[in-house]
Amino acid sequence: MTDPPYLRIAAEIRRRIVAGELREGDKVPSTRRIIAEWGVAMATATKVLATLKREGLVSAKPGAGTVVAGRTRKAAPRTEAELSRERVVKAAIRIADAEGIRALSMRRIASGLGVATMALYRHITAKEELILEMADVALGEIRFPPEPPPGWRAQLELMARAQWALFRRHPWLAQALSITRPQPLPNLLRHADWATRALDGHGLPSSTIMYAHITIFNHVRGIALNFEAEAENESGTAVTADAWLAENEPILWDLVSEGRFPNFAAVASRAPFDYDLDTLFEFGLQRLLDGYAVLLAKAS
């Protein structure tokens, strides 16, 4: 997939900084200069500078505009010999966190690290391998307590909420993981081990325990898929979710008021409803655990 224009332009300015063509304190191309040099719209030029600011490559200087940040050249590896698999993976995670998984490429990572693209292949053989390593490192951020809280429900709630917070920190992670093709990731198996231990020993069949574990993980992951999609929508349109809803909600209510959907209209009009992902996550989590409680009661 071809990188969008703002990423290609950001990569070129990043190259100039890494190569020393633009040094600490030098002005980088302004939005007007980017528009003139690359023939793009103002929104694209703005996203270019926003991307470079997120990476810490540039900063705003009063009276001078946007300049090369003072810490940039110290932050990047000075030679390819300083590269390691861990450094490459961490750089990839930073890019995916800031710009989304679609923005991730070996060339983009190499540019950010200030090395040749081929240097990365001494540590990572393919992008697919890199994404798996990124996922495992991210999943490893969750450290389950040595002593679990009492009760299966508290243990599953602890796991699910930790996963939810993790997916929020790394919006790309949900789509990097698969339910139908589970990846052999040690840190993912730690999550499975925690969940199955919480449910085992209560009389449930092993298959039910596995289905329960997968279902609760997929609930968390399924709602978390919206994080990356929403970030991409905001990045591509510069319209926040609230602004989009404010514009489109009247259209929805016009459809509802026509009388074709009387049941939906009656329910929706009786109480306010907020399209809040945290609320959806918590509502679904509690209903799942209520159902598990019935299963466990029958089993015992």
# chains A, B, ... in the order shown; residues from 1 in each chain; ligands from 1

call {"tool": "residues_around", "arguments": {"residues": "segment 36-45 of chain A", "least_positions_apart": "4", "cutoff": "8 Å", "atoms": "only C-alpha atoms", "output": "PDB file with N, CA, C and O atoms, in the first residue's frame"}}
result
ATOM      1  N   PRO A   5       0.053  11.034   1.010  1.00  0.00           N
ATOM      2  CA  PRO A   5       0.972  12.143   0.707  1.00  0.00           C
ATOM      3  C   PRO A   5       1.635  12.757   1.933  1.00  0.00           C
ATOM      4  O   PRO A   5       2.827  13.071   1.914  1.00  0.00           O
ATOM      5  N   TYR A   6       0.892  12.931   3.029  1.00  0.00           N
ATOM      6  CA  TYR A   6       1.503  13.603   4.183  1.00  0.00           C
ATOM      7  C   TYR A   6       2.634  12.791   4.780  1.00  0.00           C
ATOM      8  O   TYR A   6       3.629  13.348   5.271  1.00  0.00           O
ATOM      9  N   ILE A   9       5.734  13.183   2.406  1.00  0.00           N
ATOM     10  CA  ILE A   9       6.371  14.485   2.593  1.00  0.00           C
ATOM     11  C   ILE A   9       7.108  14.524   3.927  1.00  0.00           C
ATOM     12  O   ILE A   9       8.243  15.010   4.024  1.00  0.00           O
ATOM     13  N   THR A  31       3.865  25.382   6.323  1.00  0.00           N
ATOM     14  CA  THR A  31       2.724  24.828   5.600  1.00  0.00           C
ATOM     15  C   THR A  31       2.615  25.451   4.198  1.00  0.00           C
ATOM     16  O   THR A  31       2.342  24.748   3.222  1.00  0.00           O
ATOM     17  N   ARG A  32       2.863  26.758   4.109  1.00  0.00           N
ATOM     18  CA  ARG A  32       2.805  27.411   2.794  1.00  0.00           C
ATOM     19  C   ARG A  32       3.867  26.856   1.852  1.00  0.00           C
ATOM     20  O   ARG A  32       3.616  26.632   0.663  1.00  0.00           O
ATOM     21  N   LEU A  49       3.476  18.543   9.403  1.00  0.00           N
ATOM     22  CA  LEU A  49       4.159  19.135  10.557  1.00  0.00           C
ATOM     23  C   LEU A  49       3.698  18.494  11.861  1.00  0.00           C
ATOM     24  O   LEU A  49       4.499  18.311  12.786  1.00  0.00           O
ATOM     25  N   ALA A 238      -9.887  15.249   9.575  1.00  0.00           N
ATOM     26  CA  ALA A 238      -9.701  16.331  10.552  1.00  0.00           C
ATOM     27  C   ALA A 238     -11.009  16.664  11.267  1.00  0.00           C
ATOM     28  O   ALA A 238     -11.192  17.776  11.761  1.00  0.00           O
TER      29      ALA A 238
END

call {"tool": "residues_around", "arguments": {"residues": "Gly151 of chain A", "least_positions_apart": "5", "cutoff": "10 Å", "atoms": "only C-alpha atoms", "output": "list in words"}}
result
Leu156, Ala198 and Leu199 of chain A

call {"tool": "select_by_dssp", "arguments": {"residues": "segment 37-282 of chain A", "states": "strand (DSSP E or B)", "output": "JSON, numbers by chain"}}
result
{"A": [58, 59, 60, 61, 65, 66, 67, 68]}

call {"tool": "write_last_selection", "arguments": {"atoms": "N, CA and C atoms", "output": "CSV table (one decimal), in the first residue's frame"}}
result
chain,number,residue,atom,x,y,z
A,58,VAL,N,10.6,18.1,15.3
A,58,VAL,CA,10.5,19.6,15.2
A,58,VAL,C,9.7,20.1,16.3
A,59,SER,N,9.8,21.4,16.5
A,59,SER,CA,9.1,22.1,17.6
A,59,SER,C,8.8,23.5,17.1
A,60,ALA,N,7.8,24.1,17.7
A,60,ALA,CA,7.4,25.5,17.4
A,60,ALA,C,8.3,26.5,18.2
A,61,LYS,N,8.9,27.4,17.5
A,61,LYS,CA,9.7,28.4,18.2
A,61,LYS,C,9.1,29.8,18.0
A,65,GLY,N,8.8,30.2,13.9
A,65,GLY,CA,8.0,29.2,13.2
A,65,GLY,C,8.4,27.8,13.7
A,66,THR,N,8.3,26.8,12.8
A,66,THR,CA,8.7,25.4,13.2
A,66,THR,C,10.1,25.1,12.8
A,67,VAL,N,10.9,24.7,13.8
A,67,VAL,CA,12.3,24.5,13.6
A,67,VAL,C,12.7,23.0,14.0
A,68,VAL,N,13.9,22.6,13.6
A,68,VAL,CA,14.4,21.3,14.0
A,68,VAL,C,14.6,21.3,15.5

call {"tool": "closest_atom_pairs", "arguments": {"of": "segment 60-158 of chain A", "to": "segment 219-230 of chain A", "cutoff": "10 Å", "atoms": "only C-alpha atoms", "output": "JSON lines"}}
result
{"residue": "A:Ala96", "atom": "CA", "partner": "A:Glu228", "partner_atom": "CA", "distance": 9.8}
{"residue": "A:Asp97", "atom": "CA", "partner": "A:Glu228", "partner_atom": "CA", "distance": 9.3}
{"residue": "A:Glu99", "atom": "CA", "partner": "A:Glu228", "partner_atom": "CA", "distance": 9.5}
{"residue": "A:Gly100", "atom": "CA", "partner": "A:Glu228", "partner_atom": "CA", "distance": 6.7}
{"residue": "A:Ile101", "atom": "CA", "partner": "A:Glu228", "partner_atom": "CA", "distance": 8.3}
{"residue": "A:Arg102", "atom": "CA", "partner": "A:Glu228", "partner_atom": "CA", "distance": 9.8}

call {"tool": "write_last_selection", "arguments": {"atoms": "N, CA, C and O atoms", "output": "tab-separated table (two decimals), in the first residue's frame"}}
result
chain	number	residue	atom	x	y	z
A	96	ALA	N	3.60	3.30	15.04
A	96	ALA	CA	2.23	2.77	14.96
A	96	ALA	C	1.31	3.47	15.96
A	96	ALA	O	0.15	3.75	15.66
A	97	ASP	N	1.82	3.76	17.15
A	97	ASP	CA	1.03	4.46	18.16
A	97	ASP	C	0.62	5.84	17.66
A	97	ASP	O	-0.51	6.29	17.86
A	99	GLU	N	0.85	7.10	14.38
A	99	GLU	CA	0.36	7.30	13.01
A	99	GLU	C	-0.52	6.16	12.50
A	99	GLU	O	-1.10	6.28	11.43
A	100	GLY	N	-0.61	5.07	13.24
A	100	GLY	CA	-1.42	3.95	12.80
A	100	GLY	C	-0.61	2.88	12.10
A	100	GLY	O	0.48	3.14	11.59
A	101	ILE	N	-1.14	1.67	12.09
A	101	ILE	CA	-0.43	0.54	11.52
A	101	ILE	C	-0.24	0.67	10.02
A	101	ILE	O	0.73	0.16	9.45
A	102	ARG	N	-1.15	1.39	9.35
A	102	ARG	CA	-1.02	1.55	7.89
A	102	ARG	C	0.18	2.41	7.52
A	102	ARG	O	0.70	2.32	6.41

call {"tool": "atom_distance", "arguments": {"atom1": "atom CA of Trp152 of chain A", "atom2": "atom CA of Arg287 of chain A"}}
result
14.9 Å
